[in-house]
$ cat input_23.tsv   # TSV, C-alpha atoms
chain	number	residue	atom	x	y	z
A	1	SER	CA	15.95	-4.22	28.20
A	2	ILE	CA	12.84	-3.71	26.05
A	3	ALA	CA	10.41	-0.78	26.24
A	4	ALA	CA	7.05	-0.74	24.44
A	5	CYS	CA	5.06	2.47	24.07
A	6	ASN	CA	1.30	2.19	24.57
A	7	PHE	CA	0.48	5.11	22.26
A	8	ALA	CA	-2.73	7.18	22.21
A	9	VAL	CA	-3.44	8.99	18.94
A	10	ARG	CA	-4.63	12.57	19.44
A	11	PRO	CA	-5.17	15.54	17.13
A	12	VAL	CA	-2.01	17.54	16.40
A	13	SER	CA	-1.46	20.70	14.37
A	14	SER	CA	1.92	19.90	12.81
A	15	PHE	CA	4.65	17.33	12.35
A	16	ASP	CA	6.59	19.07	15.11
A	17	GLU	CA	3.71	18.56	17.54
A	18	PHE	CA	3.61	14.87	16.59
A	19	ALA	CA	7.39	14.68	17.13
A	20	GLY	CA	6.96	16.25	20.56
A	21	HIS	CA	4.35	13.64	21.44
A	22	VAL	CA	6.75	10.86	20.42
A	23	ARG	CA	9.71	12.42	22.26
A	24	GLY	CA	7.68	12.51	25.46
A	25	LEU	CA	7.39	8.74	25.31
A	26	LEU	CA	10.98	8.20	24.16
A	27	ASP	CA	12.15	10.13	27.24
A	28	GLN	CA	10.45	7.48	29.38
A	29	THR	CA	12.43	4.69	27.68
A	30	ALA	CA	15.88	5.91	28.76
A	31	GLY	CA	18.21	2.96	29.33
A	32	ALA	CA	16.25	0.48	27.23
A	33	ASP	CA	18.19	-1.24	24.44
A	34	LEU	CA	15.17	-1.79	22.22
A	35	VAL	CA	12.21	0.59	22.01
A	36	LEU	CA	8.95	-0.09	20.17
A	37	PHE	CA	6.22	2.13	18.78
A	38	PRO	CA	3.02	0.60	17.37
A	39	GLU	CA	1.42	0.03	14.00
A	40	LEU	CA	0.27	3.05	11.97
A	41	PHE	CA	0.54	5.37	14.96
A	42	THR	CA	1.50	7.91	12.29
A	43	VAL	CA	-2.22	8.23	11.48
A	44	GLU	CA	-1.91	11.02	14.06
A	45	LEU	CA	-0.35	13.04	11.22
A	46	PHE	CA	-3.66	12.86	9.32
A	47	THR	CA	-5.03	15.34	11.85
A	48	THR	CA	-2.57	18.00	10.64
A	49	PHE	CA	-4.71	18.50	7.52
A	50	PRO	CA	-7.31	21.25	8.13
A	51	ASP	CA	-10.15	19.21	6.57
A	52	TRP	CA	-9.28	15.89	8.22
A	53	LYS	CA	-12.62	15.50	10.00
A	54	ASP	CA	-14.46	15.78	6.70
A	55	ALA	CA	-12.10	13.64	4.62
A	56	PRO	CA	-12.95	10.02	3.77
A	57	VAL	CA	-10.79	7.39	5.46
A	58	SER	CA	-9.63	6.37	1.97
A	59	GLU	CA	-7.49	9.52	2.00
A	60	LEU	CA	-5.37	8.22	4.88
A	61	THR	CA	-2.69	7.78	2.21
A	62	ARG	CA	-2.08	11.54	2.55
A	63	ILE	CA	0.24	10.80	5.48
A	64	ASP	CA	2.79	9.53	2.96
A	65	ARG	CA	3.79	13.16	2.41
A	66	TYR	CA	5.39	13.00	5.87
A	67	THR	CA	7.41	9.85	5.11
A	68	GLN	CA	10.77	11.60	4.84
A	69	ASP	CA	10.13	13.69	7.97
A	70	TYR	CA	9.18	10.50	9.85
A	71	ARG	CA	12.29	8.69	8.69
A	72	ASP	CA	14.64	11.58	9.42
A	73	PHE	CA	13.12	12.07	12.86
A	74	PHE	CA	13.46	8.46	14.01
A	75	LYS	CA	16.93	8.07	12.52
A	76	GLY	CA	18.02	11.08	14.55
A	77	GLU	CA	16.36	9.93	17.77
A	78	ALA	CA	17.92	6.45	17.56
A	79	ARG	CA	21.34	8.02	17.05
A	80	GLU	CA	21.05	10.63	19.79
A	81	ARG	CA	19.69	8.16	22.33
A	82	SER	CA	21.96	5.24	21.32
A	83	GLN	CA	18.90	3.00	21.13
A	84	PHE	CA	17.49	0.52	18.64
A	85	VAL	CA	14.10	2.01	17.82
A	86	VAL	CA	11.20	0.26	16.14
A	87	ALA	CA	9.41	3.26	14.65
A	88	GLY	CA	6.18	1.29	14.50
A	89	SER	CA	4.82	1.12	10.98
A	90	HIS	CA	3.86	3.81	8.51
A	91	LEU	CA	1.59	3.93	5.45
A	92	MET	CA	3.81	4.92	2.55
A	93	LYS	CA	4.07	4.80	-1.21
A	94	GLU	CA	6.71	2.56	-2.71
A	95	GLY	CA	6.95	1.79	-6.41
A	96	GLY	CA	3.43	3.02	-7.10
A	97	ARG	CA	1.89	0.96	-4.29
A	98	TYR	CA	0.90	1.90	-0.76
A	99	LEU	CA	2.40	-0.44	1.82
A	100	ASN	CA	2.24	-0.73	5.62
A	101	VAL	CA	5.95	-0.64	6.40
A	102	GLY	CA	7.64	-1.43	9.70
A	103	HIS	CA	10.87	0.46	10.42
A	104	LEU	CA	13.68	-0.47	12.79
A	105	TYR	CA	16.54	2.02	13.27
A	106	GLU	CA	19.95	1.16	14.67
A	107	PRO	CA	21.94	3.89	16.46
A	108	ASP	CA	24.42	4.01	13.56
A	109	GLY	CA	21.65	4.92	11.12
A	110	THR	CA	21.10	1.45	9.66
A	111	LEU	CA	17.43	1.02	8.70
A	112	HIS	CA	15.62	-2.33	8.50
A	113	VAL	CA	12.17	-2.36	6.88
A	114	HIS	CA	9.35	-4.88	6.64
A	115	ALA	CA	6.27	-4.48	4.43
A	116	LYS	CA	3.27	-6.17	6.08
A	117	THR	CA	2.49	-9.35	4.15
A	118	HIS	CA	-1.06	-10.04	5.35
A	119	ILE	CA	-3.22	-6.94	5.60
A	120	PHE	CA	-6.38	-6.80	7.67
A	121	PRO	CA	-9.44	-6.30	5.41
A	122	ALA	CA	-10.02	-2.74	6.69
A	123	GLU	CA	-6.62	-1.73	5.31
A	124	ALA	CA	-7.96	-2.16	1.77
A	125	ASP	CA	-10.14	0.89	2.53
A	126	TRP	CA	-7.02	3.04	2.28
A	127	SER	CA	-5.43	1.29	-0.70
A	128	THR	CA	-2.86	-0.79	1.18
A	129	GLU	CA	-1.25	-3.67	-0.70
A	130	GLU	CA	0.85	-6.53	0.66
A	131	GLY	CA	4.57	-7.12	0.94
A	132	ASP	CA	6.08	-10.51	0.16
A	133	ALA	CA	9.02	-11.15	2.49
A	134	ILE	CA	9.55	-11.97	6.17
A	135	GLU	CA	13.18	-11.80	7.19
A	136	ALA	CA	14.94	-12.02	10.55
A	137	ILE	CA	17.21	-9.14	11.55
A	138	ASP	CA	20.50	-9.57	13.41
A	139	LEU	CA	20.93	-7.08	16.23
A	140	PRO	CA	23.90	-7.12	18.62
A	141	PHE	CA	21.81	-8.51	21.50
A	142	ALA	CA	19.23	-10.69	19.72
A	143	LYS	CA	17.83	-11.86	16.42
A	144	VAL	CA	14.46	-10.20	15.83
A	145	GLY	CA	11.76	-9.97	13.19
A	146	PHE	CA	8.47	-8.25	12.43
A	147	ASN	CA	4.97	-9.65	12.62
A	148	ILE	CA	2.78	-6.57	12.12
A	149	CYS	CA	-0.61	-7.01	13.83
A	150	TYR	CA	-2.66	-9.39	11.62
A	151	GLU	CA	0.54	-11.24	10.64
A	152	ALA	CA	0.62	-12.55	14.23
A	153	GLU	CA	-2.65	-14.36	13.49
A	154	ILE	CA	-0.97	-16.33	10.69
A	155	PRO	CA	1.22	-18.97	12.43
A	156	GLU	CA	3.57	-19.31	9.47
A	157	CYS	CA	4.63	-15.66	9.77
A	158	ALA	CA	6.21	-16.35	13.15
A	159	ALA	CA	7.36	-19.85	12.19
A	160	THR	CA	9.39	-18.53	9.27
A	161	LEU	CA	11.14	-16.09	11.61
A	162	ALA	CA	11.78	-18.84	14.16
A	163	GLU	CA	13.29	-21.00	11.41
A	164	GLN	CA	15.64	-18.11	10.68
A	165	GLY	CA	16.67	-18.03	14.34
A	166	ALA	CA	14.53	-15.15	15.61
A	167	GLU	CA	14.43	-14.79	19.41
A	168	ILE	CA	12.11	-11.78	19.68
A	169	ILE	CA	9.09	-11.07	17.50
A	170	LEU	CA	8.28	-7.39	17.13
A	171	CYS	CA	4.54	-6.85	16.78
A	172	PRO	CA	3.45	-3.27	16.20
A	173	SER	CA	-0.34	-3.47	16.31
A	174	PHE	CA	-3.45	-1.31	15.80
A	175	THR	CA	-6.79	-2.93	16.64
A	176	PHE	CA	-10.04	-0.98	16.58
A	177	THR	CA	-11.97	-3.07	19.12
A	178	GLU	CA	-11.25	-5.11	22.21
A	179	TYR	CA	-12.14	-8.21	20.15
A	180	GLY	CA	-9.40	-7.41	17.67
A	181	PHE	CA	-6.97	-6.71	20.49
A	182	TRP	CA	-7.52	-10.12	22.05
A	183	ARG	CA	-7.20	-11.88	18.71
A	184	VAL	CA	-3.71	-10.48	18.28
A	185	ARG	CA	-2.80	-10.86	21.95
A	186	HIS	CA	-3.89	-14.51	22.20
A	187	CYS	CA	-2.17	-15.30	18.91
A	188	GLY	CA	0.98	-13.57	20.12
A	189	GLN	CA	0.96	-15.74	23.22
A	190	ALA	CA	0.51	-18.83	21.06
A	191	ARG	CA	3.40	-17.79	18.80
A	192	ALA	CA	5.66	-17.34	21.87
A	193	ILE	CA	4.74	-20.82	23.11
A	194	GLU	CA	4.95	-22.59	19.73
A	195	ASN	CA	8.29	-21.09	18.82
A	196	GLN	CA	9.85	-20.61	22.29
A	197	LEU	CA	10.61	-16.92	21.86
A	198	TYR	CA	9.67	-13.49	23.21
A	199	PHE	CA	6.81	-11.58	21.61
A	200	VAL	CA	6.44	-7.80	22.01
A	201	HIS	CA	2.88	-6.61	21.36
A	202	CYS	CA	2.96	-2.81	21.00
A	203	CYS	CA	-0.41	-1.13	20.54
A	204	THR	CA	-1.95	2.02	19.07
A	205	GLY	CA	-4.85	3.44	21.08
A	206	GLY	CA	-6.70	6.71	21.41
A	207	GLN	CA	-10.04	8.09	20.27
A	208	PRO	CA	-9.15	10.94	17.91
A	209	GLY	CA	-12.55	11.01	16.21
A	210	ALA	CA	-13.91	10.07	12.78
A	211	PRO	CA	-12.81	9.28	10.19
A	212	LEU	CA	-9.86	7.87	12.16
A	213	PRO	CA	-10.63	4.60	13.94
A	214	ASN	CA	-10.41	4.25	17.69
A	215	GLY	CA	-7.69	2.01	19.05
A	216	TRP	CA	-7.84	-0.59	21.83
A	217	ALA	CA	-4.42	-0.82	23.43
A	218	ARG	CA	-2.71	-2.87	26.10
A	219	SER	CA	0.92	-3.33	25.14
A	220	SER	CA	2.84	-6.26	26.59
A	221	ILE	CA	5.97	-8.33	26.49
A	222	LEU	CA	5.16	-12.05	26.34
A	223	SER	CA	7.28	-15.14	26.95
A	224	PRO	CA	6.81	-18.88	26.70
A	225	CYS	CA	4.67	-20.34	29.51
A	226	ASP	CA	7.36	-22.36	31.21
A	227	LEU	CA	9.20	-22.72	34.50
A	228	LEU	CA	11.72	-19.97	33.78
A	229	TRP	CA	9.04	-17.29	33.40
A	230	ASN	CA	5.75	-16.19	34.91
A	231	PRO	CA	3.14	-18.98	34.72
A	232	ASN	CA	0.86	-16.89	32.48
A	233	GLY	CA	3.62	-16.00	30.04
A	234	ILE	CA	3.24	-12.25	30.65
A	235	VAL	CA	6.54	-10.53	31.40
A	236	VAL	CA	4.89	-7.10	31.71
A	237	GLU	CA	1.76	-5.40	30.39
A	238	ALA	CA	0.30	-1.89	30.25
A	239	GLU	CA	-2.92	-0.67	31.77
A	240	PRO	CA	-5.67	-0.85	29.14
A	241	ASN	CA	-6.00	2.25	26.97
A	242	LYS	CA	-3.66	4.40	29.03
A	243	GLU	CA	-0.75	6.08	27.30
A	244	MET	CA	2.35	4.76	29.04
A	245	VAL	CA	5.61	2.86	28.56
A	246	VAL	CA	6.05	-0.72	29.74
A	247	ARG	CA	9.53	-2.14	30.05
A	248	ALA	CA	11.32	-5.26	31.20
A	249	ASP	CA	14.61	-7.08	30.94
A	250	VAL	CA	14.44	-10.35	29.02
A	251	ASP	CA	17.07	-13.07	29.13
A	252	ILE	CA	17.70	-14.55	25.68
A	253	ASP	CA	19.75	-17.40	27.16
A	254	LYS	CA	16.63	-18.75	28.89
A	255	LEU	CA	15.15	-19.57	25.48
A	256	TYR	CA	17.94	-22.09	24.94
$ encode --input "input_23.tsv" --output "structure tokens"
Amino acid sequence: SIAACNFAVRPVSSFDEFAGHVRGLLDQTAGADLVLFPELFTVELFTTFPDWKDAPVSELTRIDRYTQDYRDFFKGEARERSQFVVAGSHLMKEGGRYLNVGHLYEPDGTLHVHAKTHIFPAEADWSTEEGDAIEAIDLPFAKVGFNICYEAEIPECAATLAEQGAEIILCPSFTFTEYGFWRVRHCGQARAIENQLYFVHCCTGGQPGAPLPNGWARSSILSPCDLLWNPNGIVVEAEPNKEMVVRADVDIDKLY
């Protein structure tokens, strides 16, 4: 059972308020084995700074000061809920560089990370650099791997996971326009068809106000377009730009 959170960024006054926002969605995922949050949904933490509306978007890197709080929070939630939680991705400093890092927590505290290897040009505005590895992750119920947003538009990013045996691609995503949304969505569908796997497109939305970008969000779980699934390859999808959780059971055996 997979649950994807269609997340709407909104102004918050503290990390605790952000955590409460996240918990509200996590509560709706009860019973799911794998839960996903989207790309850079932690930009919500930028709104905790009193001058955020006047700060340039280049200062988005400030949210790195919450990195440990973010990690501790999701590690605890995965443990308490006995769920595998993809904590979306977070902008953080590592070895003197800012990276867009996907996090996946197991209930026992194990953390898997993936630094986005192909950044969208806008990410250069807030000093993001690129990671250099794409590795499949063995979970008890499936082999999974990250393609963060723009990575889904690069066929080799999914192909390298498929070659490693991945059965589900995890795609935390943050697109600022409906055009960007459909680029990732159509590419995600293509990756599912090319590689015969499931693709989970989990989106950041909301209109928090400048300098933060708006998000266009319609999270979905996609499958190959074949006789065992829906003809259009959509297992389930959210309503556009509405904060909600979509969930479905997927059968890994069908892929074989």
$ closest_residue --input "input_23.tsv" --among "A:Pro213, A:Pro155, A:Pro172, A:Gly233" --to "A:Gln189" --atoms "all atoms listed in the file"
A:Gly233
$ residues_near_point --input "input_23.tsv" --point "(2.3, -0.7, 32.3)" --cutoff "9 Å" --atoms "all atoms listed in the file" --output "MDAnalysis selection string"
chainID A and resid 6 218:220 236:240 242:247
$ residues_around --input "input_23.tsv" --residues "stretch 105-109 of chain A" --least-positions-apart "4" --cutoff "8 Å" --atoms "all atoms listed in the file" --output "VMD selection string"
chain A and resid 74 to 76 78 to 87
$ atom_distance --input "input_23.tsv" --atom1 "atom CA of A:Thr175" --atom2 "atom CA of A:Leu104"
21.0 Å
$ closest_residue --input "input_23.tsv" --among "A:Glu153, A:Glu163, A:Glu94, A:Asp64" --to "A:Gly131" --atoms "all atoms listed in the file"
A:Glu94
$ residues_around --input "input_23.tsv" --residues "A:Trp216" --least-positions-apart "6" --cutoff "8 Å" --atoms "all atoms listed in the file" --output "ChimeraX atom specification"
/A:174-178,181,203-206,240-241
$ residues_around --input "input_23.tsv" --residues "stretch 36-48 of chain A" --least-positions-apart "3" --cutoff "8 Å" --atoms "only C-alpha atoms" --output "count of residues only"
40
$ closest_residue --input "input_23.tsv" --among "A:Ala19, A:Leu99, A:Leu34, A:Leu255" --to "A:Glu167" --atoms "all atoms listed in the file"
A:Leu255
$ closest_residue --input "input_23.tsv" --among "A:Gly165, A:Arg185, A:Phe73, A:Asp251" --to "A:Leu228" --atoms "only C-alpha atoms"
A:Asp251
$ build_atoms --input "input_23.tsv" --residues "stretch 76-102 of chain A" --atoms "N, CA, C and O atoms" --output "compact mmCIF listing (two decimals), in the frame of the given file"
# COMPACT_ATOMS: atom_id res chain seq x y z
N GLY A 76 17.33 10.18 13.63
CA GLY A 76 18.02 11.08 14.55
C GLY A 76 17.85 10.70 16.01
O GLY A 76 18.80 10.75 16.80
N GLU A 77 16.62 10.30 16.37
CA GLU A 77 16.36 9.93 17.77
C GLU A 77 17.14 8.67 18.15
O GLU A 77 17.69 8.58 19.26
N ALA A 78 17.18 7.68 17.27
CA ALA A 78 17.92 6.45 17.56
C ALA A 78 19.41 6.75 17.76
O ALA A 78 20.05 6.20 18.66
N ARG A 79 19.93 7.65 16.94
CA ARG A 79 21.34 8.02 17.05
C ARG A 79 21.62 8.77 18.35
O ARG A 79 22.54 8.43 19.10
N GLU A 80 20.81 9.79 18.61
CA GLU A 80 21.05 10.63 19.79
C GLU A 80 20.88 9.86 21.09
O GLU A 80 21.58 10.13 22.08
N ARG A 81 19.98 8.90 21.10
CA ARG A 81 19.69 8.16 22.33
C ARG A 81 20.46 6.84 22.42
O ARG A 81 20.35 6.13 23.42
N SER A 82 21.20 6.51 21.37
CA SER A 82 21.96 5.24 21.32
C SER A 82 21.04 4.05 21.60
O SER A 82 21.38 3.15 22.37
N GLN A 83 19.87 4.08 20.96
CA GLN A 83 18.90 3.00 21.13
C GLN A 83 18.52 2.41 19.78
O GLN A 83 18.61 3.08 18.75
N PHE A 84 18.09 1.16 19.81
CA PHE A 84 17.49 0.52 18.64
C PHE A 84 15.99 0.81 18.73
O PHE A 84 15.34 0.42 19.71
N VAL A 85 15.48 1.52 17.74
CA VAL A 85 14.10 2.01 17.82
C VAL A 85 13.25 1.43 16.69
O VAL A 85 13.55 1.62 15.51
N VAL A 86 12.20 0.71 17.09
CA VAL A 86 11.20 0.26 16.14
C VAL A 86 10.20 1.40 16.00
O VAL A 86 9.43 1.67 16.93
N ALA A 87 10.25 2.08 14.86
CA ALA A 87 9.41 3.26 14.65
C ALA A 87 8.01 2.84 14.20
O ALA A 87 7.42 3.45 13.30
N GLY A 88 7.49 1.81 14.84
CA GLY A 88 6.18 1.29 14.50
C GLY A 88 6.10 0.96 13.02
O GLY A 88 7.07 0.48 12.43
N SER A 89 4.94 1.24 12.43
CA SER A 89 4.82 1.12 10.98
C SER A 89 4.14 2.36 10.44
O SER A 89 3.46 3.09 11.18
N HIS A 90 4.32 2.58 9.16
CA HIS A 90 3.86 3.81 8.51
C HIS A 90 3.28 3.46 7.15
O HIS A 90 3.81 2.58 6.45
N LEU A 91 2.21 4.12 6.76
CA LEU A 91 1.59 3.93 5.45
C LEU A 91 2.33 4.80 4.44
O LEU A 91 2.34 6.02 4.56
N MET A 92 2.97 4.16 3.47
CA MET A 92 3.81 4.92 2.55
C MET A 92 3.76 4.34 1.14
O MET A 92 3.44 3.16 0.94
N LYS A 93 4.09 5.19 0.19
CA LYS A 93 4.07 4.80 -1.21
C LYS A 93 5.44 4.30 -1.62
O LYS A 93 6.46 4.92 -1.32
N GLU A 94 5.45 3.15 -2.26
CA GLU A 94 6.71 2.56 -2.71
C GLU A 94 6.46 1.90 -4.06
O GLU A 94 5.64 0.98 -4.15
N GLY A 95 7.13 2.39 -5.09
CA GLY A 95 6.95 1.79 -6.41
C GLY A 95 5.52 1.81 -6.90
O GLY A 95 5.04 0.85 -7.50
N GLY A 96 4.81 2.90 -6.62
CA GLY A 96 3.43 3.02 -7.10
C GLY A 96 2.39 2.31 -6.26
O GLY A 96 1.21 2.32 -6.59
N ARG A 97 2.83 1.66 -5.17
CA ARG A 97 1.89 0.96 -4.29
C ARG A 97 1.98 1.54 -2.89
O ARG A 97 3.04 1.99 -2.46
N TYR A 98 0.87 1.52 -2.18
CA TYR A 98 0.90 1.90 -0.76
C TYR A 98 1.09 0.64 0.08
O TYR A 98 0.38 -0.35 -0.09
N LEU A 99 2.08 0.69 0.97
CA LEU A 99 2.40 -0.44 1.82
C LEU A 99 2.42 0.00 3.28
O LEU A 99 2.65 1.18 3.59
N ASN A 100 2.17 -0.95 4.17
CA ASN A 100 2.24 -0.73 5.62
C ASN A 100 3.63 -1.22 6.04
O ASN A 100 3.86 -2.43 6.12
N VAL A 101 4.53 -0.28 6.28
CA VAL A 101 5.95 -0.64 6.40
C VAL A 101 6.49 -0.42 7.81
O VAL A 101 6.47 0.70 8.34
N GLY A 102 6.97 -1.50 8.41
CA GLY A 102 7.64 -1.43 9.70
C GLY A 102 9.07 -0.93 9.52
O GLY A 102 9.73 -1.27 8.53
